[in-house]
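Peer 1: Hey, dropping upload_37.pdb in here, PDB, C-alpha atoms and all ligand atoms:
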```
ATOM      1  CA  MET A   1      98.245 174.802 142.132  1.00  0.00           C
ATOM      2  CA  ARG A   2      95.884 172.338 140.514  1.00  0.00           C
ATOM      3  CA  ILE A   3      93.779 172.523 137.360  1.00  0.00           C
ATOM      4  CA  GLY A   4      90.710 170.475 136.514  1.00  0.00           C
ATOM      5  CA  ASN A   5      88.404 170.228 133.531  1.00  0.00           C
ATOM      6  CA  GLY A   6      84.774 169.272 133.320  1.00  0.00           C
ATOM      7  CA  TYR A   7      82.292 168.541 130.551  1.00  0.00           C
ATOM      8  CA  ASP A   8      78.586 167.767 130.513  1.00  0.00           C
ATOM      9  CA  ILE A   9      75.683 167.584 128.072  1.00  0.00           C
ATOM     10  CA  HIS A  10      71.942 167.217 128.628  1.00  0.00           C
ATOM     11  CA  ARG A  11      69.090 166.663 126.182  1.00  0.00           C
ATOM     12  CA  LEU A  12      66.595 169.405 125.371  1.00  0.00           C
ATOM     13  CA  VAL A  13      63.066 168.095 125.854  1.00  0.00           C
ATOM     14  CA  PRO A  14      59.552 169.533 126.210  1.00  0.00           C
ATOM     15  CA  GLY A  15      58.008 169.832 129.656  1.00  0.00           C
ATOM     16  CA  ARG A  16      61.165 170.588 131.593  1.00  0.00           C
ATOM     17  CA  PRO A  17      62.504 173.921 132.880  1.00  0.00           C
ATOM     18  CA  LEU A  18      65.685 175.281 131.306  1.00  0.00           C
ATOM     19  CA  ILE A  19      68.012 175.902 134.239  1.00  0.00           C
ATOM     20  CA  LEU A  20      71.521 177.213 133.616  1.00  0.00           C
ATOM     21  CA  GLY A  21      73.755 178.629 136.312  1.00  0.00           C
ATOM     22  CA  GLY A  22      70.835 178.409 138.733  1.00  0.00           C
ATOM     23  CA  GLN A  23      68.672 180.651 136.527  1.00  0.00           C
ATOM     24  CA  CYS A  24      65.396 179.479 135.014  1.00  0.00           C
ATOM     25  CA  LEU A  25      65.563 180.758 131.432  1.00  0.00           C
ATOM     26  CA  PRO A  26      62.815 181.128 128.859  1.00  0.00           C
ATOM     27  CA  HIS A  27      63.205 178.898 125.776  1.00  0.00           C
ATOM     28  CA  PRO A  28      61.470 180.014 122.563  1.00  0.00           C
ATOM     29  CA  ASP A  29      60.035 176.488 122.003  1.00  0.00           C
ATOM     30  CA  GLY A  30      59.378 175.813 125.675  1.00  0.00           C
ATOM     31  CA  LEU A  31      62.168 173.233 125.905  1.00  0.00           C
ATOM     32  CA  GLY A  32      64.248 172.460 128.968  1.00  0.00           C
ATOM     33  CA  LEU A  33      67.087 170.152 129.957  1.00  0.00           C
ATOM     34  CA  ASP A  34      66.322 166.548 130.836  1.00  0.00           C
ATOM     35  CA  GLY A  35      68.012 164.888 133.784  1.00  0.00           C
ATOM     36  CA  HIS A  36      67.596 163.368 137.207  1.00  0.00           C
ATOM     37  CA  SER A  37      68.524 166.578 139.023  1.00  0.00           C
ATOM     38  CA  ASP A  38      67.578 170.023 137.678  1.00  0.00           C
ATOM     39  CA  ALA A  39      69.987 169.172 134.783  1.00  0.00           C
ATOM     40  CA  ASP A  40      71.967 172.413 135.163  1.00  0.00           C
ATOM     41  CA  VAL A  41      74.660 171.483 132.665  1.00  0.00           C
ATOM     42  CA  LEU A  42      76.802 174.542 133.481  1.00  0.00           C
ATOM     43  CA  VAL A  43      76.927 173.789 137.190  1.00  0.00           C
ATOM     44  CA  HIS A  44      77.565 170.080 136.506  1.00  0.00           C
ATOM     45  CA  ALA A  45      80.589 170.888 134.322  1.00  0.00           C
ATOM     46  CA  LEU A  46      81.947 173.221 137.016  1.00  0.00           C
ATOM     47  CA  MET A  47      81.507 170.508 139.657  1.00  0.00           C
ATOM     48  CA  ASP A  48      83.471 168.020 137.547  1.00  0.00           C
ATOM     49  CA  ALA A  49      86.210 170.603 136.981  1.00  0.00           C
ATOM     50  CA  LEU A  50      86.530 171.179 140.749  1.00  0.00           C
ATOM     51  CA  LEU A  51      86.552 167.449 141.501  1.00  0.00           C
ATOM     52  CA  GLY A  52      88.970 166.771 138.649  1.00  0.00           C
ATOM     53  CA  ALA A  53      91.491 169.298 139.947  1.00  0.00           C
ATOM     54  CA  LEU A  54      91.898 167.165 143.080  1.00  0.00           C
ATOM     55  CA  ALA A  55      91.432 163.787 141.348  1.00  0.00           C
ATOM     56  CA  LEU A  56      88.334 163.199 143.476  1.00  0.00           C
ATOM     57  CA  GLY A  57      86.360 161.450 140.740  1.00  0.00           C
ATOM     58  CA  ASP A  58      83.240 162.833 139.085  1.00  0.00           C
ATOM     59  CA  ILE A  59      79.796 163.978 140.134  1.00  0.00           C
ATOM     60  CA  GLY A  60      78.319 160.539 139.424  1.00  0.00           C
ATOM     61  CA  LYS A  61      80.420 159.207 142.328  1.00  0.00           C
ATOM     62  CA  TYR A  62      78.969 161.695 144.827  1.00  0.00           C
ATOM     63  CA  PHE A  63      75.474 162.185 143.394  1.00  0.00           C
ATOM     64  CA  PRO A  64      74.567 158.958 141.545  1.00  0.00           C
ATOM     65  CA  PRO A  65      71.546 159.422 139.231  1.00  0.00           C
ATOM     66  CA  GLU A  66      69.900 156.268 140.641  1.00  0.00           C
ATOM     67  CA  ASP A  67      69.822 157.821 144.145  1.00  0.00           C
ATOM     68  CA  PRO A  68      66.329 159.281 144.795  1.00  0.00           C
ATOM     69  CA  ARG A  69      67.875 161.969 147.050  1.00  0.00           C
ATOM     70  CA  TRP A  70      69.123 163.825 143.961  1.00  0.00           C
ATOM     71  CA  LYS A  71      65.844 163.715 142.016  1.00  0.00           C
ATOM     72  CA  GLY A  72      65.044 167.276 140.998  1.00  0.00           C
ATOM     73  CA  ALA A  73      68.025 168.469 143.068  1.00  0.00           C
ATOM     74  CA  ASP A  74      69.102 172.113 142.910  1.00  0.00           C
ATOM     75  CA  SER A  75      72.545 171.739 141.333  1.00  0.00           C
ATOM     76  CA  LEU A  76      73.813 174.846 143.142  1.00  0.00           C
ATOM     77  CA  VAL A  77      73.323 172.918 146.416  1.00  0.00           C
ATOM     78  CA  LEU A  78      75.364 170.036 144.964  1.00  0.00           C
ATOM     79  CA  LEU A  79      78.012 172.552 143.884  1.00  0.00           C
ATOM     80  CA  GLU A  80      78.226 173.816 147.474  1.00  0.00           C
ATOM     81  CA  GLN A  81      78.840 170.239 148.622  1.00  0.00           C
ATOM     82  CA  VAL A  82      81.643 169.808 146.080  1.00  0.00           C
ATOM     83  CA  MET A  83      83.161 173.112 147.226  1.00  0.00           C
ATOM     84  CA  ALA A  84      83.075 171.823 150.813  1.00  0.00           C
ATOM     85  CA  LEU A  85      85.156 168.803 149.722  1.00  0.00           C
ATOM     86  CA  VAL A  86      87.674 171.158 148.110  1.00  0.00           C
ATOM     87  CA  ARG A  87      87.882 173.362 151.226  1.00  0.00           C
ATOM     88  CA  GLN A  88      88.177 170.350 153.572  1.00  0.00           C
ATOM     89  CA  ARG A  89      91.358 169.437 151.729  1.00  0.00           C
ATOM     90  CA  GLY A  90      92.792 172.922 152.202  1.00  0.00           C
ATOM     91  CA  TRP A  91      92.311 174.191 148.658  1.00  0.00           C
ATOM     92  CA  SER A  92      90.692 177.381 147.440  1.00  0.00           C
ATOM     93  CA  VAL A  93      89.524 178.487 144.003  1.00  0.00           C
ATOM     94  CA  VAL A  94      91.706 180.860 141.979  1.00  0.00           C
ATOM     95  CA  ASN A  95      89.127 180.996 139.182  1.00  0.00           C
ATOM     96  CA  LEU A  96      86.589 179.021 137.233  1.00  0.00           C
ATOM     97  CA  ASP A  97      85.820 179.381 133.546  1.00  0.00           C
ATOM     98  CA  ALA A  98      83.089 177.782 131.487  1.00  0.00           C
ATOM     99  CA  VAL A  99      81.629 177.903 128.016  1.00  0.00           C
ATOM    100  CA  VAL A 100      78.047 176.831 127.385  1.00  0.00           C
ATOM    101  CA  VAL A 101      77.287 175.541 123.870  1.00  0.00           C
ATOM    102  CA  ALA A 102      73.690 176.322 122.912  1.00  0.00           C
ATOM    103  CA  GLU A 103      71.985 177.522 119.726  1.00  0.00           C
ATOM    104  CA  ARG A 104      69.037 179.040 121.607  1.00  0.00           C
ATOM    105  CA  PRO A 105      68.023 180.884 123.680  1.00  0.00           C
ATOM    106  CA  LYS A 106      70.435 183.821 123.638  1.00  0.00           C
ATOM    107  CA  LEU A 107      72.356 183.390 126.879  1.00  0.00           C
ATOM    108  CA  LYS A 108      74.284 186.651 126.929  1.00  0.00           C
ATOM    109  CA  PRO A 109      71.638 188.682 128.828  1.00  0.00           C
ATOM    110  CA  HIS A 110      71.569 186.041 131.578  1.00  0.00           C
ATOM    111  CA  ILE A 111      75.303 185.593 132.078  1.00  0.00           C
ATOM    112  CA  PRO A 112      75.789 188.204 134.850  1.00  0.00           C
ATOM    113  CA  ALA A 113      73.034 186.540 136.926  1.00  0.00           C
ATOM    114  CA  MET A 114      74.613 183.092 136.397  1.00  0.00           C
ATOM    115  CA  GLN A 115      78.052 184.384 137.432  1.00  0.00           C
ATOM    116  CA  ALA A 116      76.625 186.093 140.503  1.00  0.00           C
ATOM    117  CA  ALA A 117      74.646 183.024 141.590  1.00  0.00           C
ATOM    118  CA  ILE A 118      77.602 180.654 141.232  1.00  0.00           C
ATOM    119  CA  ALA A 119      80.050 183.075 142.884  1.00  0.00           C
ATOM    120  CA  GLN A 120      77.697 183.693 145.800  1.00  0.00           C
ATOM    121  CA  ARG A 121      77.252 179.952 146.488  1.00  0.00           C
ATOM    122  CA  LEU A 122      81.007 179.392 146.396  1.00  0.00           C
ATOM    123  CA  GLY A 123      82.012 182.482 148.388  1.00  0.00           C
ATOM    124  CA  LEU A 124      83.857 183.899 145.374  1.00  0.00           C
ATOM    125  CA  GLU A 125      83.857 187.244 143.596  1.00  0.00           C
ATOM    126  CA  ALA A 126      81.911 187.354 140.332  1.00  0.00           C
ATOM    127  CA  ASP A 127      85.147 188.024 138.437  1.00  0.00           C
ATOM    128  CA  GLN A 128      86.465 184.615 139.561  1.00  0.00           C
ATOM    129  CA  VAL A 129      83.639 182.878 137.696  1.00  0.00           C
ATOM    130  CA  GLY A 130      83.930 183.153 133.923  1.00  0.00           C
ATOM    131  CA  VAL A 131      80.775 182.155 132.065  1.00  0.00           C
ATOM    132  CA  LYS A 132      80.680 182.358 128.287  1.00  0.00           C
ATOM    133  CA  ALA A 133      78.239 181.154 125.674  1.00  0.00           C
ATOM    134  CA  THR A 134      78.643 180.112 122.076  1.00  0.00           C
ATOM    135  CA  THR A 135      76.471 178.532 119.430  1.00  0.00           C
ATOM    136  CA  ASN A 136      77.759 175.450 117.629  1.00  0.00           C
ATOM    137  CA  GLU A 137      77.164 177.086 114.235  1.00  0.00           C
ATOM    138  CA  ARG A 138      74.265 174.628 113.748  1.00  0.00           C
ATOM    139  CA  LEU A 139      76.734 171.705 113.755  1.00  0.00           C
ATOM    140  CA  GLY A 140      76.377 168.528 115.792  1.00  0.00           C
ATOM    141  CA  ALA A 141      73.933 167.726 118.576  1.00  0.00           C
ATOM    142  CA  GLU A 142      74.006 171.215 120.097  1.00  0.00           C
ATOM    143  CA  GLY A 143      73.652 172.759 116.635  1.00  0.00           C
ATOM    144  CA  ARG A 144      70.568 170.633 115.936  1.00  0.00           C
ATOM    145  CA  GLU A 145      69.213 171.774 119.320  1.00  0.00           C
ATOM    146  CA  GLU A 146      69.091 168.214 120.616  1.00  0.00           C
ATOM    147  CA  GLY A 147      70.911 169.347 123.735  1.00  0.00           C
ATOM    148  CA  ILE A 148      73.073 171.901 125.490  1.00  0.00           C
ATOM    149  CA  SER A 149      76.636 171.157 126.571  1.00  0.00           C
ATOM    150  CA  CYS A 150      79.227 172.891 128.711  1.00  0.00           C
ATOM    151  CA  HIS A 151      83.015 172.789 129.048  1.00  0.00           C
ATOM    152  CA  ALA A 152      84.645 174.118 132.226  1.00  0.00           C
ATOM    153  CA  VAL A 153      88.002 174.501 133.926  1.00  0.00           C
ATOM    154  CA  ALA A 154      88.865 175.174 137.554  1.00  0.00           C
ATOM    155  CA  LEU A 155      92.173 176.437 138.960  1.00  0.00           C
ATOM    156  CA  LEU A 156      92.801 175.776 142.651  1.00  0.00           C
ATOM    157  CA  GLN A 157      95.540 176.918 145.022  1.00  0.00           C
ATOM    158  CA  ARG A 158      96.698 175.787 148.426  1.00  0.00           C
ATOM    159  CA  PRO A 159      98.614 178.255 150.610  1.00  0.00           C
TER     160      PRO A 159
HETATM  161 MG    MG A 201      74.833 166.453 134.176  1.00  0.00          MG
END
```
Show me this structure written as C-alpha cells.
Peer 2:
Amino acid sequence: MRIGNGYDIHRLVPGRPLILGGQCLPHPDGLGLDGHSDADVLVHALMDALLGALALGDIGKYFPPEDPRWKGADSLVLLEQVMALVRQRGWSVVNLDAVVVAERPKLKPHIPAMQAAIAQRLGLEADQVGVKATTNERLGAEGREEGISCHAVALLQRP
C-alpha cells in the first residue's frame, strides 16, 4: 500500500467562476478561484495526493502553468490523466479523502455532487471519495476570504 498527501490554495477574485470538485458553485459576492486552469483547488489537491503516493512529483511537473495547453483546463480531465499514470503502474485507489477550507459559500449542499463527479471520472464508488468542508473560523487567508485551500490524502494498493 502507498499513501500520498496533497495541498493546494487559490486566490478568490472577481470575474472568475468558482469551480470545486467539477461543480460551478454560486458565490454570494460573485467571486471565483484564480488560476491558469479552472483553479479547482479540490481536484488539484487530490491529484497531488495521487502523485505523491507513488513519488511521481507534483501537478506542476505534468501540467506546468506556463503551458498554454492547460489554460482554462477542466481539472477533472487532468485528474483522469493522473489516474492513468497510477493505473499504468499497476496501482488502484483504496480511497481518497479531502477537506476544503472555505468561509463561504456553504459547501455542504454541493458535496454529494462533487463526490459523484470525482468518483465517476476515476471509476470509483462515491464512498471511496471523501469530501469534507470546514471554515477557518475567520483566521488566516481562508478566514479573510482571500482564497480557498484544500488538503487531501490518497491510499493506493497494488494486488
Ligand atoms: Mg492549483
Peer 1: Give me the result of the PyMOL selection byres (((not hetatm)) within 6 of (chain A and resi 201)) on this file, residue by residue, as a CSV table (one decimal) with C-alpha atoms, in the coordinates of the input.
Peer 2:
```csv
chain,number,residue,atom,x,y,z
A,8,ASP,CA,78.6,167.8,130.5
A,39,ALA,CA,70.0,169.2,134.8
A,41,VAL,CA,74.7,171.5,132.7
A,44,HIS,CA,77.6,170.1,136.5
```
Peer 1: For the structure shown, which residues end up in the PyMOL selection byres (((chain A and resi 50) around 9) and not hetatm)? Put them as a list of chain:residue names, please?
Peer 2: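 On the file shown, the PyMOL selection byres (((chain A and resi 50) around 9) and not hetatm) covers A:Ile3, A:Gly4, A:Asn5, A:Gly6, A:Ala45, A:Leu46, A:Met47, A:Asp48, A:Ala49, A:Leu51, A:Gly52, A:Ala53, A:Leu54, A:Ala55, A:Leu56, A:Val82, A:Met83, A:Val86, A:Val93, A:Leu96, A:Val153, A:Ala154, A:Leu155, A:Leu156.
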Peer 1: List as a tab-separated table every residue of stretch 20-131 of chain A that is in contact with stretch 136-152 of chain A, defined as an atom at most 6 Å from one of its atoms (using all atoms listed in the file), together with the nearest atom pair and the distance in Å rounded to one decimal, sorted by chain and then rising number.
Peer 2:
```
residue	atom	partner	partner_atom	distance
A:Leu42	CA	A:Cys150	CA	5.6
A:Ala45	CA	A:Ala152	CA	5.6
A:Leu46	CA	A:Ala152	CA	5.6
A:Asp97	CA	A:Ala152	CA	5.6
A:Ala98	CA	A:Ala152	CA	4.0
A:Val99	CA	A:His151	CA	5.4
A:Val100	CA	A:Cys150	CA	4.3
A:Val101	CA	A:Ser149	CA	5.2
A:Ala102	CA	A:Ile148	CA	5.2
A:Glu103	CA	A:Gly143	CA	5.9
```
Peer 1: Check the smallest atom-to-atom distance from each of A:Lys71, A:Arg158, A:Arg104, A:Arg121 to A:Gly32 using only C-alpha atoms, then report the winner.
Peer 2: A:Arg104
Peer 1: Taking all listed atoms of stretch 18-33 of chain A, build the axis-aligned box, pad each of the six sides by 8 Å, then write its centre and edge lengths in Å to one decimal as AutoDock Vina command-line options.
Peer 2:
```
--center_x 66.6 --center_y 175.6 --center_z 130.4 --size_x 30.4 --size_y 27.0 --size_z 32.7
```
Peer 1: For each of A:Ile59, A:Ile9, A:Ile111, A:Leu31, take the minimum atom-to-atom distance to A:Ala133, counting only C-alpha atoms, then give the residue where this is smallest.
Peer 2: A:Ile111
Peer 1: Identify which of the residues A:Lys108, A:Arg89, A:His36, A:Asn95 lies closest to A:Asp127, counting all atoms listed in the file when measuring atom-to-atom distances.
Peer 2: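 For A:Asp127, the nearest of the given residues is A:Asn95.
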Peer 1: Please compute the atom CA of A:Leu33-atom CA of A:Arg11 distance, one decimal, in Å.
Peer 2: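 Distance between the two atoms: 5.5 Å.
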Peer 1: Taking only C-alpha atoms into account, which of A:Gly21, A:Gly35, A:Gly60, A:Gly123 comes nearest A:Val94?
Peer 2: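 Of the candidates, the smallest distance to A:Val94 is held by A:Gly123.
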Peer 1: Which residues fall under the PyMOL selection byres (((chain A and resi 112) around 10) and not hetatm) in this file, as a PDB file with C-alpha atoms, in the frame of the given file?
Peer 2:
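Okay, this is what ended up in expr10.pdb:
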```pdb
ATOM      1  CA  GLY A  21      73.755 178.629 136.312  1.00  0.00           C
ATOM      2  CA  LEU A 107      72.356 183.390 126.879  1.00  0.00           C
ATOM      3  CA  LYS A 108      74.284 186.651 126.929  1.00  0.00           C
ATOM      4  CA  PRO A 109      71.638 188.682 128.828  1.00  0.00           C
ATOM      5  CA  HIS A 110      71.569 186.041 131.578  1.00  0.00           C
ATOM      6  CA  ILE A 111      75.303 185.593 132.078  1.00  0.00           C
ATOM      7  CA  ALA A 113      73.034 186.540 136.926  1.00  0.00           C
ATOM      8  CA  MET A 114      74.613 183.092 136.397  1.00  0.00           C
ATOM      9  CA  GLN A 115      78.052 184.384 137.432  1.00  0.00           C
ATOM     10  CA  ALA A 116      76.625 186.093 140.503  1.00  0.00           C
ATOM     11  CA  ALA A 117      74.646 183.024 141.590  1.00  0.00           C
ATOM     12  CA  ALA A 126      81.911 187.354 140.332  1.00  0.00           C
ATOM     13  CA  VAL A 129      83.639 182.878 137.696  1.00  0.00           C
ATOM     14  CA  GLY A 130      83.930 183.153 133.923  1.00  0.00           C
ATOM     15  CA  VAL A 131      80.775 182.155 132.065  1.00  0.00           C
TER      16      VAL A 131
END
```
Peer 1: Return the single residue from A:Leu18, A:Val43, A:Ala84, A:Met1 that is closest to A:Gln157, with distances computed using all atoms listed in the file.
Peer 2: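 When distances to A:Gln157 are compared using all atoms listed in the file, the smallest one comes from A:Met1.
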Peer 1: Give the answer as one residue: which of A:Gly57, A:Leu122, A:Pro68, A:Ser75 has the shortest atom-to-atom distance to A:Gln23, using only C-alpha atoms?
Peer 2: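 For A:Gln23, the nearest of the given residues is A:Ser75.
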Peer 1: How many Å lie between atom CA of A:Ser92 and atom CA of A:Gln120, rounded to one decimal?
Peer 2: 14.5 Å
Peer 1: In Å, rounded to a single decimal, give me how far atom CA of A:Ser37 is from atom CA of A:Thr135.
Peer 2: 24.3 Å
